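Novice: protein21.txt is the file, holding compact mmCIF, C-alpha atoms:
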# COMPACT_ATOMS: atom_id res chain seq x y z
CA MET A 678 28.29 -56.98 -28.26
CA PHE A 679 29.52 -53.97 -30.21
CA ARG A 680 26.58 -54.27 -32.56
CA VAL A 681 24.16 -54.09 -29.63
CA VAL A 682 25.94 -50.99 -28.31
CA ALA A 683 25.85 -49.40 -31.77
CA GLU A 684 22.10 -50.07 -32.03
CA HIS A 685 21.46 -48.49 -28.63
CA VAL A 686 23.55 -45.45 -29.56
CA LYS A 687 21.60 -45.01 -32.80
CA ARG A 688 18.31 -45.08 -30.90
CA HIS A 689 19.53 -42.98 -27.95
CA PRO A 690 22.32 -40.53 -28.94
CA GLY A 691 22.53 -39.27 -25.36
CA LEU A 692 24.37 -42.48 -24.50
CA ILE A 693 27.46 -41.46 -26.49
CA PRO A 694 29.05 -39.42 -23.65
CA GLN A 695 28.25 -42.15 -21.16
CA PHE A 696 29.98 -44.81 -23.26
CA PHE A 697 32.91 -42.45 -23.83
CA PHE A 698 33.49 -41.75 -20.14
CA ILE A 699 33.01 -45.39 -19.15
CA CYS A 700 35.67 -46.42 -21.69
CA LEU A 701 37.93 -43.58 -20.56
CA GLY A 702 37.61 -44.64 -16.92
CA MET A 703 38.25 -48.29 -17.68
CA GLY A 704 41.30 -47.39 -19.76
CA GLY A 705 42.71 -45.14 -17.05
CA ALA A 706 42.14 -47.78 -14.38
CA SER A 707 43.87 -50.38 -16.54
CA LEU A 708 46.89 -48.14 -17.14
CA TYR A 709 47.15 -47.36 -13.42
CA LEU A 710 46.98 -51.07 -12.59
CA ILE A 711 49.80 -51.75 -15.05
CA ARG A 712 51.82 -48.93 -13.47
CA LEU A 713 51.32 -50.41 -10.01
CA ALA A 714 52.28 -53.89 -11.20
CA ARG A 715 55.57 -52.60 -12.60
CA GLY A 716 56.54 -50.70 -9.43
CA PRO A 717 59.72 -51.31 -7.42
CA HIS A 718 57.89 -52.97 -4.53
CA VAL A 719 56.40 -55.79 -6.63
CA THR A 720 58.35 -59.00 -7.10
CA TRP A 721 57.45 -61.16 -10.08
CA ASN A 722 60.63 -63.29 -10.12
CA LYS A 723 61.70 -64.32 -6.61
CA THR A 724 64.63 -66.45 -7.75
CA ASP A 725 66.47 -63.67 -9.58
CA ASN A 726 66.05 -60.78 -7.12
CA PRO A 727 63.90 -61.54 -4.07
CA GLU A 728 64.12 -57.98 -2.62
CA PRO A 729 64.30 -55.44 -5.47
CA TRP A 730 63.40 -52.50 -3.21
CA ASN A 731 66.84 -52.74 -1.55
CA ASN A 732 68.49 -51.77 -4.85
CA LEU A 733 66.70 -48.42 -5.08
CA ASP A 734 68.62 -45.21 -4.74
CA PRO A 735 67.46 -42.90 -1.90
CA THR A 736 66.75 -40.21 -4.48
CA TYR A 737 64.33 -42.46 -6.43
CA GLN A 738 60.84 -40.93 -6.44
CA TYR A 739 58.64 -43.92 -5.78
CA LYS A 740 55.46 -42.00 -5.01
CA PHE A 741 53.16 -40.87 -7.81
CA VAL A 742 52.86 -37.36 -6.38
CA ALA A 743 55.32 -36.00 -3.82
CA ILE A 744 54.21 -32.54 -2.71
CA THR A 745 56.54 -31.70 0.17
CA THR A 746 59.37 -34.21 -0.32
CA ASP A 747 62.42 -33.23 -2.34
CA TYR A 748 63.96 -36.53 -3.38
CA LYS A 749 67.11 -34.94 -4.79
CA ASN A 750 68.43 -33.96 -1.36
CA LEU A 751 67.67 -37.19 0.52
CA LYS A 752 70.48 -39.22 2.05
CA LYS A 753 70.39 -42.90 2.81
CA GLU A 754 69.69 -43.74 6.44
CA GLY A 755 70.38 -47.26 7.60
CA PRO A 756 72.66 -50.16 6.74
CA ASP A 757 73.27 -51.81 3.39
CA PHE A 758 71.90 -55.33 3.12
Using structure tokens, write down the structure from this file.
Specialist:
Amino acid sequence: MFRVVAEHVKRHPGLIPQFFFICLGMGGASLYLIRLARGPHVTWNKTDNPEPWNNLDPTYQYKFVAITTDYKNLKKEGPDF
């Protein structure tokens, strides 16, 4: 498959940026998927810790971008389970 891509690139050099940005997008999407899979709301082992989100500190920044929320000054609201 790589040989076919290399042959196309040799014949049409304008394809180089297209292949670059396609690979860049696929790599970024893969890294974001890995980041989501390792988040605190995902449970991979239900026997060890069935609810891992209850162990999070209220100051834990779980969002990727928090524009108006200051997580350092948050206090826990609600009971401990």
Novice: For A:His718, which residue out of A:Ile693, A:Leu733, A:Val681, A:Cys700 is the nearest one, using all atoms listed in the file?
Specialist: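 Of the candidates, the smallest distance to A:His718 is held by A:Leu733.
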Novice: I'd like the interatomic distance between atom CA of A:Gly691 and atom CA of A:Gly704, to a tenth of an Å.
Specialist: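 Taking atom CA of A:Gly691 as the start and atom CA of A:Gly704 as the end point, the length is 21.2 Å.
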Novice: In Å, how far is it from atom CA of A:Met678 to atom CA of A:Gln695?
Specialist: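 Taking atom CA of A:Met678 and atom CA of A:Gln695, their separation equals 16.4 Å.
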Novice: Can you work out the spacing between atom CA of A:Pro729 and atom CA of A:Pro717 in Å, to one decimal?
Specialist: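 Distance between the two atoms: 6.5 Å.
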Novice: Since the input is missing atoms for stretch 703-714 of chain A, could you rebuild it with all heavy atoms and give the result as a PDB file, in the frame of the given file?
Specialist:
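Saved as part_25.pdb:
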ATOM      1  N   MET A 703      37.701 -46.932 -17.664  1.00  0.00           N
ATOM      2  CA  MET A 703      38.250 -48.290 -17.680  1.00  0.00           C
ATOM      3  C   MET A 703      39.680 -48.299 -18.218  1.00  0.00           C
ATOM      4  O   MET A 703      40.540 -49.023 -17.714  1.00  0.00           O
ATOM      5  CB  MET A 703      37.357 -49.205 -18.518  1.00  0.00           C
ATOM      6  CG  MET A 703      36.036 -49.500 -17.861  1.00  0.00           C
ATOM      7  SD  MET A 703      34.866 -50.393 -18.893  1.00  0.00           S
ATOM      8  CE  MET A 703      35.790 -51.812 -19.385  1.00  0.00           C
ATOM      9  N   GLY A 704      39.945 -47.479 -19.222  1.00  0.00           N
ATOM     10  CA  GLY A 704      41.300 -47.390 -19.760  1.00  0.00           C
ATOM     11  C   GLY A 704      42.274 -46.797 -18.756  1.00  0.00           C
ATOM     12  O   GLY A 704      43.390 -47.283 -18.590  1.00  0.00           O
ATOM     13  N   GLY A 705      41.847 -45.747 -18.068  1.00  0.00           N
ATOM     14  CA  GLY A 705      42.710 -45.140 -17.050  1.00  0.00           C
ATOM     15  C   GLY A 705      42.973 -46.082 -15.892  1.00  0.00           C
ATOM     16  O   GLY A 705      44.094 -46.161 -15.386  1.00  0.00           O
ATOM     17  N   ALA A 706      41.955 -46.809 -15.455  1.00  0.00           N
ATOM     18  CA  ALA A 706      42.140 -47.780 -14.380  1.00  0.00           C
ATOM     19  C   ALA A 706      43.086 -48.898 -14.800  1.00  0.00           C
ATOM     20  O   ALA A 706      43.919 -49.348 -14.012  1.00  0.00           O
ATOM     21  CB  ALA A 706      40.793 -48.350 -13.955  1.00  0.00           C
ATOM     22  N   SER A 707      42.980 -49.328 -16.048  1.00  0.00           N
ATOM     23  CA  SER A 707      43.870 -50.380 -16.540  1.00  0.00           C
ATOM     24  C   SER A 707      45.319 -49.895 -16.597  1.00  0.00           C
ATOM     25  O   SER A 707      46.240 -50.617 -16.198  1.00  0.00           O
ATOM     26  CB  SER A 707      43.443 -50.838 -17.926  1.00  0.00           C
ATOM     27  OG  SER A 707      42.145 -51.355 -17.883  1.00  0.00           O
ATOM     28  N   LEU A 708      45.534 -48.680 -17.081  1.00  0.00           N
ATOM     29  CA  LEU A 708      46.890 -48.140 -17.140  1.00  0.00           C
ATOM     30  C   LEU A 708      47.483 -47.953 -15.742  1.00  0.00           C
ATOM     31  O   LEU A 708      48.669 -48.212 -15.516  1.00  0.00           O
ATOM     32  CB  LEU A 708      46.896 -46.817 -17.896  1.00  0.00           C
ATOM     33  CG  LEU A 708      46.658 -46.928 -19.399  1.00  0.00           C
ATOM     34  CD1 LEU A 708      46.571 -45.537 -20.027  1.00  0.00           C
ATOM     35  CD2 LEU A 708      47.761 -47.723 -20.054  1.00  0.00           C
ATOM     36  N   TYR A 709      46.660 -47.525 -14.786  1.00  0.00           N
ATOM     37  CA  TYR A 709      47.150 -47.360 -13.420  1.00  0.00           C
ATOM     38  C   TYR A 709      47.483 -48.714 -12.801  1.00  0.00           C
ATOM     39  O   TYR A 709      48.468 -48.848 -12.071  1.00  0.00           O
ATOM     40  CB  TYR A 709      46.120 -46.611 -12.577  1.00  0.00           C
ATOM     41  CG  TYR A 709      46.617 -46.266 -11.203  1.00  0.00           C
ATOM     42  CD1 TYR A 709      47.670 -45.370 -11.040  1.00  0.00           C
ATOM     43  CD2 TYR A 709      46.069 -46.837 -10.069  1.00  0.00           C
ATOM     44  CE1 TYR A 709      48.145 -45.052  -9.784  1.00  0.00           C
ATOM     45  CE2 TYR A 709      46.526 -46.526  -8.820  1.00  0.00           C
ATOM     46  CZ  TYR A 709      47.568 -45.629  -8.681  1.00  0.00           C
ATOM     47  OH  TYR A 709      48.035 -45.332  -7.436  1.00  0.00           O
ATOM     48  N   LEU A 710      46.693 -49.729 -13.091  1.00  0.00           N
ATOM     49  CA  LEU A 710      46.980 -51.070 -12.590  1.00  0.00           C
ATOM     50  C   LEU A 710      48.287 -51.595 -13.167  1.00  0.00           C
ATOM     51  O   LEU A 710      49.093 -52.217 -12.447  1.00  0.00           O
ATOM     52  CB  LEU A 710      45.833 -52.011 -12.926  1.00  0.00           C
ATOM     53  CG  LEU A 710      45.949 -53.434 -12.412  1.00  0.00           C
ATOM     54  CD1 LEU A 710      45.953 -53.450 -10.897  1.00  0.00           C
ATOM     55  CD2 LEU A 710      44.816 -54.270 -12.956  1.00  0.00           C
ATOM     56  N   ILE A 711      48.530 -51.344 -14.437  1.00  0.00           N
ATOM     57  CA  ILE A 711      49.800 -51.750 -15.050  1.00  0.00           C
ATOM     58  C   ILE A 711      50.956 -51.005 -14.411  1.00  0.00           C
ATOM     59  O   ILE A 711      52.011 -51.583 -14.138  1.00  0.00           O
ATOM     60  CB  ILE A 711      49.746 -51.516 -16.571  1.00  0.00           C
ATOM     61  CG1 ILE A 711      48.779 -52.504 -17.215  1.00  0.00           C
ATOM     62  CG2 ILE A 711      51.125 -51.637 -17.200  1.00  0.00           C
ATOM     63  CD1 ILE A 711      48.464 -52.198 -18.660  1.00  0.00           C
ATOM     64  N   ARG A 712      50.765 -49.716 -14.119  1.00  0.00           N
ATOM     65  CA  ARG A 712      51.820 -48.930 -13.470  1.00  0.00           C
ATOM     66  C   ARG A 712      52.122 -49.480 -12.083  1.00  0.00           C
ATOM     67  O   ARG A 712      53.276 -49.579 -11.672  1.00  0.00           O
ATOM     68  CB  ARG A 712      51.392 -47.469 -13.368  1.00  0.00           C
ATOM     69  CG  ARG A 712      52.446 -46.599 -12.723  1.00  0.00           C
ATOM     70  CD  ARG A 712      51.916 -45.216 -12.437  1.00  0.00           C
ATOM     71  NE  ARG A 712      52.915 -44.402 -11.807  1.00  0.00           N
ATOM     72  CZ  ARG A 712      53.170 -44.405 -10.505  1.00  0.00           C
ATOM     73  NH1 ARG A 712      52.495 -45.184  -9.711  1.00  0.00           N
ATOM     74  NH2 ARG A 712      54.103 -43.643 -10.004  1.00  0.00           N
ATOM     75  N   LEU A 713      51.098 -49.845 -11.331  1.00  0.00           N
ATOM     76  CA  LEU A 713      51.320 -50.410 -10.010  1.00  0.00           C
ATOM     77  C   LEU A 713      52.014 -51.767 -10.082  1.00  0.00           C
ATOM     78  O   LEU A 713      52.857 -52.095  -9.234  1.00  0.00           O
ATOM     79  CB  LEU A 713      49.992 -50.564  -9.270  1.00  0.00           C
ATOM     80  CG  LEU A 713      49.337 -49.290  -8.770  1.00  0.00           C
ATOM     81  CD1 LEU A 713      47.999 -49.619  -8.130  1.00  0.00           C
ATOM     82  CD2 LEU A 713      50.226 -48.583  -7.782  1.00  0.00           C
ATOM     83  N   ALA A 714      51.689 -52.562 -11.070  1.00  0.00           N
ATOM     84  CA  ALA A 714      52.280 -53.890 -11.200  1.00  0.00           C
ATOM     85  C   ALA A 714      53.748 -53.831 -11.590  1.00  0.00           C
ATOM     86  O   ALA A 714      54.500 -54.768 -11.329  1.00  0.00           O
ATOM     87  CB  ALA A 714      51.506 -54.713 -12.227  1.00  0.00           C
TER      88      ALA A 714
END
